[in-house]
>>> print(open('model_14.cif').read())   # mmCIF, C-alpha atoms and all ligand atoms
data_data
loop_
_atom_site.group_PDB
_atom_site.id
_atom_site.type_symbol
_atom_site.label_atom_id
_atom_site.label_comp_id
_atom_site.auth_asym_id
_atom_site.auth_seq_id
_atom_site.Cartn_x
_atom_site.Cartn_y
_atom_site.Cartn_z
ATOM 1 C CA MET A 1 -2.785 -22.529 -17.617
ATOM 2 C CA ALA A 2 0.702 -22.183 -16.126
ATOM 3 C CA ILE A 3 1.730 -18.785 -14.795
ATOM 4 C CA LYS A 4 4.551 -17.315 -16.918
ATOM 5 C CA ALA A 5 7.674 -15.534 -15.613
ATOM 6 C CA SER A 6 7.486 -13.114 -18.544
ATOM 7 C CA ALA A 7 4.015 -11.916 -17.443
ATOM 8 C CA PRO A 8 3.620 -8.487 -15.761
ATOM 9 C CA ILE A 9 3.097 -7.686 -12.090
ATOM 10 C CA GLY A 10 -0.296 -6.055 -11.479
ATOM 11 C CA ILE A 11 -0.453 -3.470 -8.705
ATOM 12 C CA PHE A 12 -3.633 -1.756 -7.619
ATOM 13 C CA ASP A 13 -4.714 0.978 -5.264
ATOM 14 C CA SER A 14 -7.648 3.300 -4.644
ATOM 15 C CA GLY A 15 -5.790 5.994 -6.544
ATOM 16 C CA ILE A 16 -2.345 7.437 -7.105
ATOM 17 C CA GLY A 17 -0.891 6.880 -3.596
ATOM 18 C CA GLY A 18 -0.149 3.220 -4.353
ATOM 19 C CA LEU A 19 2.564 4.488 -6.684
ATOM 20 C CA THR A 20 4.776 4.598 -3.555
ATOM 21 C CA VAL A 21 4.537 0.801 -3.540
ATOM 22 C CA ALA A 22 4.967 0.567 -7.336
ATOM 23 C CA LYS A 23 8.069 2.743 -7.003
ATOM 24 C CA ALA A 24 9.578 0.456 -4.351
ATOM 25 C CA VAL A 25 8.800 -2.610 -6.521
ATOM 26 C CA ARG A 26 10.369 -0.968 -9.560
ATOM 27 C CA GLN A 27 13.492 -0.050 -7.605
ATOM 28 C CA LEU A 28 13.969 -3.581 -6.334
ATOM 29 C CA LEU A 29 12.818 -5.402 -9.486
ATOM 30 C CA PRO A 30 13.793 -3.115 -12.380
ATOM 31 C CA ASN A 31 13.371 -5.830 -14.978
ATOM 32 C CA GLU A 32 9.728 -6.582 -14.191
ATOM 33 C CA GLN A 33 6.915 -4.994 -16.183
ATOM 34 C CA ILE A 34 4.371 -3.288 -13.914
ATOM 35 C CA ILE A 35 0.717 -2.760 -14.783
ATOM 36 C CA TYR A 36 -0.728 -0.291 -12.284
ATOM 37 C CA PHE A 37 -4.415 0.377 -11.715
ATOM 38 C CA GLY A 38 -5.565 3.351 -9.615
ATOM 39 C CA ASP A 39 -9.295 3.420 -8.880
ATOM 40 C CA THR A 40 -9.484 7.205 -8.920
ATOM 41 C CA ALA A 41 -13.228 7.093 -9.692
ATOM 42 C CA HIS A 42 -13.902 5.593 -6.264
ATOM 43 C CA LEU A 43 -11.235 6.995 -3.946
ATOM 44 C CA PRO A 44 -10.842 7.371 -1.046
ATOM 45 C CA TYR A 45 -11.232 3.738 -0.001
ATOM 46 C CA GLY A 46 -10.333 4.673 3.580
ATOM 47 C CA ASP A 47 -13.854 5.935 4.280
ATOM 48 C CA LYS A 48 -15.761 3.310 2.219
ATOM 49 C CA SER A 49 -17.634 0.248 3.444
ATOM 50 C CA THR A 50 -15.998 -3.158 3.296
ATOM 51 C CA ALA A 51 -18.633 -4.315 0.770
ATOM 52 C CA ALA A 52 -17.916 -1.419 -1.610
ATOM 53 C CA ILE A 53 -14.138 -1.955 -1.455
ATOM 54 C CA GLN A 54 -14.624 -5.679 -2.074
ATOM 55 C CA ALA A 55 -16.720 -5.010 -5.191
ATOM 56 C CA TYR A 56 -14.174 -2.544 -6.625
ATOM 57 C CA SER A 57 -11.226 -4.806 -5.795
ATOM 58 C CA VAL A 58 -12.661 -7.888 -7.509
ATOM 59 C CA LYS A 59 -13.449 -5.830 -10.598
ATOM 60 C CA ILE A 60 -9.871 -4.496 -10.700
ATOM 61 C CA ALA A 61 -8.435 -7.976 -10.145
ATOM 62 C CA ASP A 62 -10.396 -9.007 -13.220
ATOM 63 C CA VAL A 63 -8.821 -6.207 -15.293
ATOM 64 C CA LEU A 64 -5.349 -7.257 -14.137
ATOM 65 C CA LEU A 65 -6.036 -10.930 -14.843
ATOM 66 C CA ASN A 66 -7.200 -10.008 -18.343
ATOM 67 C CA ALA A 67 -3.911 -8.149 -18.763
ATOM 68 C CA GLY A 68 -2.204 -11.489 -18.038
ATOM 69 C CA CYS A 69 -0.587 -10.582 -14.692
ATOM 70 C CA LYS A 70 1.358 -13.294 -12.867
ATOM 71 C CA LEU A 71 0.988 -11.576 -9.516
ATOM 72 C CA ILE A 72 -1.588 -9.119 -8.222
ATOM 73 C CA LEU A 73 -0.312 -6.870 -5.463
ATOM 74 C CA ILE A 74 -2.954 -5.015 -3.484
ATOM 75 C CA ALA A 75 -0.949 -1.875 -2.729
ATOM 76 C CA CYS A 76 -3.764 -0.191 -0.823
ATOM 77 C CA ASN A 77 -3.871 -0.904 2.911
ATOM 78 C CA SER A 78 -7.622 -0.295 3.046
ATOM 79 C CA ALA A 79 -8.243 -2.796 0.217
ATOM 80 C CA SER A 80 -5.745 -5.243 1.745
ATOM 81 C CA ALA A 81 -7.749 -5.082 4.980
ATOM 82 C CA ALA A 82 -11.176 -5.323 3.331
ATOM 83 C CA ALA A 83 -10.721 -7.503 0.268
ATOM 84 C CA PHE A 84 -7.570 -9.659 0.302
ATOM 85 C CA ASP A 85 -9.282 -12.975 1.102
ATOM 86 C CA LEU A 86 -11.993 -12.350 -1.465
ATOM 87 C CA VAL A 87 -9.564 -11.315 -4.232
ATOM 88 C CA LYS A 88 -7.389 -14.343 -3.485
ATOM 89 C CA ALA A 89 -10.384 -16.662 -3.736
ATOM 90 C CA TYR A 90 -11.528 -14.949 -6.948
ATOM 91 C CA VAL A 91 -8.119 -15.101 -8.624
ATOM 92 C CA ALA A 92 -7.586 -18.700 -7.445
ATOM 93 C CA SER A 93 -4.753 -20.405 -9.348
ATOM 94 C CA LYS A 94 -4.670 -17.901 -12.226
ATOM 95 C CA ALA A 95 -2.132 -15.634 -10.481
ATOM 96 C CA HIS A 96 -0.466 -15.070 -7.114
ATOM 97 C CA VAL A 97 -1.991 -12.450 -4.843
ATOM 98 C CA GLU A 98 -0.101 -10.416 -2.238
ATOM 99 C CA ASN A 99 -1.219 -7.654 0.113
ATOM 100 C CA VAL A 100 0.596 -4.956 2.047
ATOM 101 C CA ILE A 101 -0.313 -6.197 5.532
ATOM 102 C CA ASP A 102 1.077 -9.760 5.781
ATOM 103 C CA PRO A 103 4.685 -8.799 4.886
ATOM 104 C CA VAL A 104 4.624 -6.135 7.628
ATOM 105 C CA VAL A 105 3.196 -8.579 10.173
ATOM 106 C CA ASP A 106 6.009 -11.033 9.270
ATOM 107 C CA TYR A 107 8.563 -8.244 9.611
ATOM 108 C CA LEU A 108 7.242 -7.327 13.076
ATOM 109 C CA ARG A 109 7.510 -10.963 14.147
ATOM 110 C CA GLU A 110 11.146 -10.993 13.064
ATOM 111 C CA THR A 111 12.123 -7.666 14.585
ATOM 112 C CA HIS A 112 9.786 -6.513 17.372
ATOM 113 C CA LEU A 113 8.934 -9.475 19.605
ATOM 114 C CA HIS A 114 7.480 -8.486 22.996
ATOM 115 C CA GLN A 115 7.408 -4.807 22.100
ATOM 116 C CA LYS A 116 4.773 -2.099 21.989
ATOM 117 C CA VAL A 117 4.208 -1.032 18.380
ATOM 118 C CA GLY A 118 2.047 1.759 16.917
ATOM 119 C CA LEU A 119 0.070 1.712 13.667
ATOM 120 C CA ILE A 120 -1.478 4.602 11.766
ATOM 121 C CA GLY A 121 -3.766 4.183 8.761
ATOM 122 C CA THR A 122 -7.178 5.017 7.341
ATOM 123 C CA LYS A 123 -10.416 4.378 9.243
ATOM 124 C CA GLN A 124 -11.033 1.268 7.106
ATOM 125 C CA THR A 125 -7.580 -0.190 7.790
ATOM 126 C CA VAL A 126 -7.598 0.476 11.537
ATOM 127 C CA ASN A 127 -11.260 -0.208 12.272
ATOM 128 C CA SER A 128 -11.196 -3.489 10.321
ATOM 129 C CA GLY A 129 -8.958 -4.832 13.099
ATOM 130 C CA VAL A 130 -7.090 -6.955 10.526
ATOM 131 C CA TYR A 131 -3.590 -5.934 11.663
ATOM 132 C CA LEU A 132 -4.521 -6.603 15.286
ATOM 133 C CA GLN A 133 -6.023 -10.027 14.491
ATOM 134 C CA LYS A 134 -2.960 -11.073 12.497
ATOM 135 C CA ILE A 135 -0.538 -9.823 15.149
ATOM 136 C CA ASN A 136 -2.457 -11.364 18.025
ATOM 137 C CA ALA A 137 -2.579 -14.657 16.113
ATOM 138 C CA LEU A 138 1.253 -14.723 16.183
ATOM 139 C CA ASN A 139 1.065 -14.818 19.979
ATOM 140 C CA VAL A 140 4.557 -13.340 20.388
ATOM 141 C CA GLY A 141 3.750 -10.573 22.843
ATOM 142 C CA ILE A 142 3.553 -7.678 20.379
ATOM 143 C CA ASP A 143 1.290 -4.996 21.857
ATOM 144 C CA LEU A 144 -0.197 -3.206 18.809
ATOM 145 C CA GLN A 145 -1.816 0.175 19.369
ATOM 146 C CA SER A 146 -3.531 1.651 16.334
ATOM 147 C CA LEU A 147 -5.129 4.972 15.480
ATOM 148 C CA PRO A 148 -7.059 6.098 12.386
ATOM 149 C CA THR A 149 -5.420 9.261 11.050
ATOM 150 C CA PRO A 150 -7.848 10.358 8.310
ATOM 151 C CA LEU A 151 -6.517 13.900 7.911
ATOM 152 C CA LEU A 152 -3.163 12.700 6.616
ATOM 153 C CA VAL A 153 -4.252 11.496 3.143
ATOM 154 C CA PRO A 154 -5.936 14.760 2.006
ATOM 155 C CA MET A 155 -3.146 16.742 3.649
ATOM 156 C CA ILE A 156 -0.478 14.897 1.637
ATOM 157 C CA GLU A 157 -2.499 14.991 -1.601
ATOM 158 C CA GLU A 158 -2.881 18.741 -1.296
ATOM 159 C CA GLY A 159 0.878 19.081 -0.953
ATOM 160 C CA PHE A 160 0.743 20.067 2.744
ATOM 161 C CA HIS A 161 3.270 17.544 3.839
ATOM 162 C CA LYS A 162 6.374 19.513 4.619
ATOM 163 C CA ASN A 163 5.261 22.572 6.556
ATOM 164 C CA GLU A 164 4.062 23.770 9.985
ATOM 165 C CA VAL A 165 0.460 22.749 9.247
ATOM 166 C CA SER A 166 1.446 19.135 8.618
ATOM 167 C CA GLU A 167 3.856 19.150 11.554
ATOM 168 C CA ALA A 168 1.038 20.221 13.894
ATOM 169 C CA ILE A 169 -1.381 17.585 12.559
ATOM 170 C CA ILE A 170 1.237 14.823 12.729
ATOM 171 C CA ALA A 171 2.251 15.848 16.261
ATOM 172 C CA SER A 172 -1.344 15.903 17.436
ATOM 173 C CA TYR A 173 -1.947 12.338 16.197
ATOM 174 C CA LEU A 174 1.377 10.906 17.373
ATOM 175 C CA SER A 175 1.244 12.435 20.835
ATOM 176 C CA GLN A 176 -1.917 10.479 21.743
ATOM 177 C CA PRO A 177 -1.417 8.565 25.035
ATOM 178 C CA LEU A 178 -1.929 5.163 23.360
ATOM 179 C CA PHE A 179 1.404 5.605 21.557
ATOM 180 C CA GLU A 180 3.415 6.280 24.718
ATOM 181 C CA ASP A 181 6.637 4.215 24.851
ATOM 182 C CA ILE A 182 6.197 2.526 21.464
ATOM 183 C CA LYS A 183 9.352 1.076 19.936
ATOM 184 C CA ALA A 184 8.153 1.193 16.309
ATOM 185 C CA MET A 185 5.485 2.917 14.230
ATOM 186 C CA VAL A 186 3.939 1.170 11.216
ATOM 187 C CA LEU A 187 3.031 3.488 8.329
ATOM 188 C CA GLY A 188 -0.117 1.590 7.325
ATOM 189 C CA CYS A 189 -1.116 3.675 4.312
ATOM 190 C CA THR A 190 0.146 4.205 0.783
ATOM 191 C CA HIS A 191 0.609 7.940 1.336
ATOM 192 C CA TYR A 192 2.633 7.943 4.535
ATOM 193 C CA PRO A 193 6.109 7.285 3.065
ATOM 194 C CA LEU A 194 5.913 10.942 1.986
ATOM 195 C CA ILE A 195 5.835 12.077 5.628
ATOM 196 C CA LYS A 196 8.304 9.491 6.894
ATOM 197 C CA ALA A 197 10.980 12.118 7.552
ATOM 198 C CA GLN A 198 8.579 14.239 9.583
ATOM 199 C CA ILE A 199 7.425 11.276 11.641
ATOM 200 C CA HIS A 200 11.058 10.334 12.200
ATOM 201 C CA ALA A 201 11.790 13.909 13.300
ATOM 202 C CA PHE A 202 8.823 13.890 15.697
ATOM 203 C CA TYR A 203 10.291 10.866 17.500
ATOM 204 C CA GLN A 204 13.846 12.225 17.233
ATOM 205 C CA GLY A 205 15.098 8.809 16.175
ATOM 206 C CA ARG A 206 13.744 7.008 19.296
ATOM 207 C CA VAL A 207 11.173 4.955 17.363
ATOM 208 C CA SER A 208 11.769 2.796 14.261
ATOM 209 C CA ILE A 209 9.561 3.912 11.408
ATOM 210 C CA ILE A 210 8.271 0.940 9.429
ATOM 211 C CA ASP A 211 7.714 1.850 5.782
ATOM 212 C CA SER A 212 5.562 -0.942 4.371
ATOM 213 C CA SER A 213 6.373 -0.095 0.722
ATOM 214 C CA GLU A 214 9.992 -1.305 1.075
ATOM 215 C CA ILE A 215 9.034 -4.407 3.056
ATOM 216 C CA VAL A 216 6.318 -5.308 0.551
ATOM 217 C CA ALA A 217 8.669 -4.927 -2.422
ATOM 218 C CA LYS A 218 11.084 -7.377 -0.746
ATOM 219 C CA SER A 219 8.285 -9.842 -0.163
ATOM 220 C CA VAL A 220 7.196 -9.603 -3.826
ATOM 221 C CA LYS A 221 10.769 -10.364 -4.870
ATOM 222 C CA ALA A 222 10.944 -13.344 -2.512
ATOM 223 C CA LEU A 223 7.596 -14.661 -3.746
ATOM 224 C CA LEU A 224 8.630 -14.434 -7.417
ATOM 225 C CA ALA A 225 12.002 -16.041 -6.696
ATOM 226 C CA TYR A 226 10.376 -18.864 -4.716
ATOM 227 C CA HIS A 227 8.017 -19.676 -7.591
ATOM 228 C CA ASN A 228 10.705 -19.221 -10.236
ATOM 229 C CA LEU A 229 8.768 -16.334 -11.739
ATOM 230 C CA MET A 230 11.408 -13.574 -11.982
ATOM 231 C CA ASP A 231 11.400 -12.003 -15.431
ATOM 232 C CA HIS A 232 14.835 -12.306 -17.026
ATOM 233 C CA GLY A 233 13.743 -11.143 -20.490
ATOM 234 C CA ALA A 234 13.963 -7.669 -22.005
ATOM 235 C CA LYS A 235 12.277 -4.945 -19.934
ATOM 236 C CA ARG A 236 8.840 -3.970 -21.270
ATOM 237 C CA GLU A 237 7.231 -0.601 -20.676
ATOM 238 C CA ASP A 238 5.180 -0.170 -17.495
ATOM 239 C CA GLN A 239 1.529 0.835 -17.863
ATOM 240 C CA PHE A 240 -0.507 3.044 -15.573
ATOM 241 C CA MET A 241 -4.307 2.996 -15.709
ATOM 242 C CA VAL A 242 -6.870 4.999 -13.759
ATOM 243 C CA SER A 243 -10.653 4.638 -13.616
ATOM 244 C CA ASP A 244 -11.084 8.410 -13.823
ATOM 245 C CA PHE A 245 -8.683 10.982 -15.175
ATOM 246 C CA THR A 246 -8.070 14.565 -14.066
ATOM 247 C CA PRO A 247 -4.977 16.758 -14.506
ATOM 248 C CA SER A 248 -4.557 16.748 -10.730
ATOM 249 C CA PHE A 249 -4.224 12.936 -10.680
ATOM 250 C CA GLN A 250 -1.650 13.264 -13.453
ATOM 251 C CA HIS A 251 0.176 15.913 -11.437
ATOM 252 C CA ALA A 252 0.137 13.752 -8.278
ATOM 253 C CA THR A 253 2.016 10.939 -10.049
ATOM 254 C CA LYS A 254 5.233 12.931 -9.721
ATOM 255 C CA LEU A 255 4.712 13.311 -5.980
ATOM 256 C CA PHE A 256 4.226 9.586 -5.376
ATOM 257 C CA PHE A 257 6.351 7.959 -8.101
ATOM 258 C CA GLY A 258 9.204 10.417 -8.281
ATOM 259 C CA THR A 259 9.157 10.680 -12.056
ATOM 260 C CA SER A 260 6.435 11.811 -14.384
ATOM 261 C CA ILE A 261 4.382 9.010 -15.922
ATOM 262 C CA SER A 262 1.469 9.030 -18.251
ATOM 263 C CA LEU A 263 -1.923 7.827 -16.973
ATOM 264 C CA LYS A 264 -4.442 6.126 -19.255
ATOM 265 C CA LYS A 265 -8.143 6.215 -18.512
ATOM 266 C CA TYR A 266 -9.741 2.788 -18.117
ATOM 267 C CA PRO A 267 -13.276 3.049 -16.680
ATOM 268 C CA LEU A 268 -14.195 0.112 -14.423
ATOM 269 C CA TRP A 269 -17.883 0.136 -15.317
ATOM 270 C CA GLU A 270 -19.254 1.504 -18.602
HETATM 271 N N1 LIG B 1 -4.635 3.848 -0.510
HETATM 272 C C1 LIG B 1 -5.292 4.055 0.775
HETATM 273 C C2 LIG B 1 -4.631 3.165 1.831
HETATM 274 O O1 LIG B 1 -3.488 2.779 1.725
HETATM 275 C C3 LIG B 1 -5.269 5.509 1.181
HETATM 276 C C4 LIG B 1 -6.124 6.402 0.321
HETATM 277 C C5 LIG B 1 -7.597 6.055 0.379
HETATM 278 O O2 LIG B 1 -8.216 6.151 1.465
HETATM 279 O O3 LIG B 1 -8.113 5.651 -0.644
HETATM 280 O O4 LIG B 1 -5.281 2.828 2.793
#
>>> encode(input="model_14.cif", output="structure tokens")
Amino acid sequence: MAIKASAPIGIFDSGIGGLTVAKAVRQLLPNEQIIYFGDTAHLPYGDKSTAAIQAYSVKIADVLLNAGCKLILIACNSASAAAFDLVKAYVASKAHVENVIDPVVDYLRETHLHQKVGLIGTKQTVNSGVYLQKINALNVGIDLQSLPTPLLVPMIEEGFHKNEVSEAIIASYLSQPLFEDIKAMVLGCTHYPLIKAQIHAFYQGRVSIIDSSEIVAKSVKALLAYHNLMDHGAKREDQFMVSDFTPSFQHATKLFFGTSISLKKYPLWE
């Protein structure tokens, strides 16, 4: 069956943090309908095994395919690292699949040749070595230095992202010797756009901060345009589903999406 331009864009993440990516997509493509799935029953993905993340991701891809999505965007860096190839194979020709790593790797190739670049992300994202493999495969002299920064996600979710506590934690991660003399820092996690200003302040403007949410939104737009799949019809209401619901997830939507949205519970396994 042919993929239709009027179909929605499916975006999924381990939880609510991927709303930073959904927000960037909505800003750049206001006419597209978004169907968001946050796997709040299984978060955090950053500490899970590759096999577990793969199983959850395929199940979510199935939900988004059943919702008729033309494109499935894996907004979660940990799931992009662990499950992109599998999801792509599973979805096959039924929809396009995009992740949040490849657009950033392409961006680095365009802008940071022969430079030392830092990356921060979850344990899953960094320890998978996926960024490093993709960057080394370019063979353009980019020296990528990456560090798992697992305290940052709970810190941001608990609202500790604009005070002395967060400043101290951020400084302690970023002042590690491996990051000495970097020219850019990749924010390789859904949550980190919320501490972009603090990271920028830590480097006092000397290092470019690479926010993957904006880069990924641009790549989604380019992909839709290339395949003639931009939706030019009337805007339909976005939908936001979660595999488990609590008031605190509902509350966190404001933090990550900017505006209040209403979450619907959609259990993955019943
Ligand atoms: N969404 C995850 C990521 O971008 C962060 C939260 C989690 O560990 O589930 O890697």
>>> atom_distance(input="model_14.cif", atom1="CA of Ile135 (chain A)", atom2="CA of Ser219 (chain A)")
17.7 Å
>>> residues_near_ligand(input="model_14.cif", ligand="ligand LIG 1 (chain B)", cutoff="6 Å", atoms="only C-alpha atoms and all ligand atoms", output="MDAnalysis selection string")
chainID A and resid 13:14 17:18 43:46 76:78 122 189:190
>>> atom_distance(input="model_14.cif", atom1="CA of Leu71 (chain A)", atom2="CA of Val97 (chain A)")
5.6 Å
>>> atom_distance(input="model_14.cif", atom1="CA of Arg26 (chain A)", atom2="CA of Asp211 (chain A)")
15.8 Å
>>> closest_residue(input="model_14.cif", among="A:Gln204, A:Thr50, A:Ser6, A:Ser213", to="Ala24 (chain A)", atoms="only C-alpha atoms")
A:Ser213
>>> resolve_selection(input="model_14.cif", expression="the PyMOL selection byres (((chain A and resi 254-258) around 7) and not hetatm)", output="PyMOL selection string")
chain A and resi 17+19-20+23+251-253+259-260
>>> closest_residue(input="model_14.cif", among="A:Val105, A:Ile53, A:Met230, A:Leu224", to="Lys134 (chain A)", atoms="all atoms listed in the file")
A:Val105
>>> residues_near_point(input="model_14.cif", point="(-0.8, -9.8, 17.1)", cutoff="10 Å", atoms="all atoms listed in the file", output="ChimeraX atom specification")
/A:105,108-109,130-144
>>> closest_residue(input="model_14.cif", among="A:Ala61, A:Ala89, A:Ala184, A:Met155", to="Gly118 (chain A)", atoms="all atoms listed in the file")
A:Ala184
>>> residues_around(input="model_14.cif", residues="Thr40 (chain A)", least_positions_apart="2", cutoff="9 Å", atoms="all atoms listed in the file", output="ChimeraX atom specification")
/A:13-16,37-38,42-44,242-245,249
>>> closest_residue(input="model_14.cif", among="A:His114, A:Pro193, A:Glu98, A:Ser262", to="Asp238 (chain A)", atoms="all atoms listed in the file")
A:Ser262
>>> resolve_selection(input="model_14.cif", expression="the PyMOL selection byres (((chain A and resi 29) around 10) and not hetatm)", output="list in words")
Lys23, Ala24, Val25, Arg26, Gln27, Leu28, Pro30, Asn31, Glu32, Gln33, Ile34, Ala217, Lys218, Val220, Lys221, Met230 and Asp231 of chain A
>>> axis_aligned_box(input="model_14.cif", around="region 92-105 of chain A", padding_each_side="6 Å", output="AutoDock Vina command-line options")
--center_x -1.5 --center_y -12.7 --center_z -1.0 --size_x 24.3 --size_y 27.4 --size_z 34.4
>>> closest_residue(input="model_14.cif", among="A:Val58, A:Phe240, A:Asp47, A:Leu229", to="Pro148 (chain A)", atoms="all atoms listed in the file")
A:Asp47
>>> resolve_selection(input="model_14.cif", expression="the PyMOL selection byres (((chain A and resi 84) around 10) and not hetatm)", output="PDB file with C-alpha atoms, in the frame of the given file")
ATOM      1  CA  GLN A  54     -14.624  -5.679  -2.074  1.00  0.00           C
ATOM      2  CA  SER A  57     -11.226  -4.806  -5.795  1.00  0.00           C
ATOM      3  CA  VAL A  58     -12.661  -7.888  -7.509  1.00  0.00           C
ATOM      4  CA  LEU A  73      -0.312  -6.870  -5.463  1.00  0.00           C
ATOM      5  CA  ILE A  74      -2.954  -5.015  -3.484  1.00  0.00           C
ATOM      6  CA  ASN A  77      -3.871  -0.904   2.911  1.00  0.00           C
ATOM      7  CA  SER A  78      -7.622  -0.295   3.046  1.00  0.00           C
ATOM      8  CA  ALA A  79      -8.243  -2.796   0.217  1.00  0.00           C
ATOM      9  CA  SER A  80      -5.745  -5.243   1.745  1.00  0.00           C
ATOM     10  CA  ALA A  81      -7.749  -5.082   4.980  1.00  0.00           C
ATOM     11  CA  ALA A  82     -11.176  -5.323   3.331  1.00  0.00           C
ATOM     12  CA  ALA A  83     -10.721  -7.503   0.268  1.00  0.00           C
ATOM     13  CA  ASP A  85      -9.282 -12.975   1.102  1.00  0.00           C
ATOM     14  CA  LEU A  86     -11.993 -12.350  -1.465  1.00  0.00           C
ATOM     15  CA  VAL A  87      -9.564 -11.315  -4.232  1.00  0.00           C
ATOM     16  CA  LYS A  88      -7.389 -14.343  -3.485  1.00  0.00           C
ATOM     17  CA  ALA A  89     -10.384 -16.662  -3.736  1.00  0.00           C
ATOM     18  CA  TYR A  90     -11.528 -14.949  -6.948  1.00  0.00           C
ATOM     19  CA  VAL A  97      -1.991 -12.450  -4.843  1.00  0.00           C
ATOM     20  CA  GLU A  98      -0.101 -10.416  -2.238  1.00  0.00           C
ATOM     21  CA  ASN A  99      -1.219  -7.654   0.113  1.00  0.00           C
ATOM     22  CA  VAL A 100       0.596  -4.956   2.047  1.00  0.00           C
ATOM     23  CA  ILE A 101      -0.313  -6.197   5.532  1.00  0.00           C
TER      24      ILE A 101
END
>>> closest_residue(input="model_14.cif", among="A:Asn163, A:Asn127, A:Ser208, A:Asn228", to="Ile3 (chain A)", atoms="all atoms listed in the file")
A:Asn228
>>> residues_around(input="model_14.cif", residues="Ile209 (chain A)", least_positions_apart="5", cutoff="8 Å", atoms="all atoms listed in the file", output="short mmCIF file (atom, residue, chain, number, x, y, z; two decimals) with C-alpha atoms, in the coordinates of the input")
data_model
loop_
_atom_site.label_atom_id
_atom_site.label_comp_id
_atom_site.auth_asym_id
_atom_site.auth_seq_id
_atom_site.Cartn_x
_atom_site.Cartn_y
_atom_site.Cartn_z
CA ALA A 184 8.15 1.19 16.31
CA MET A 185 5.48 2.92 14.23
CA VAL A 186 3.94 1.17 11.22
CA LEU A 187 3.03 3.49 8.33
CA LYS A 196 8.30 9.49 6.89
CA ILE A 199 7.42 11.28 11.64
CA HIS A 200 11.06 10.33 12.20
#
>>> residues_near_point(input="model_14.cif", point="(-1.6, 6.9, -23.3)", cutoff="9 Å", atoms="only C-alpha atoms", output="PyMOL selection string")
chain A and resi 239-241+262-265
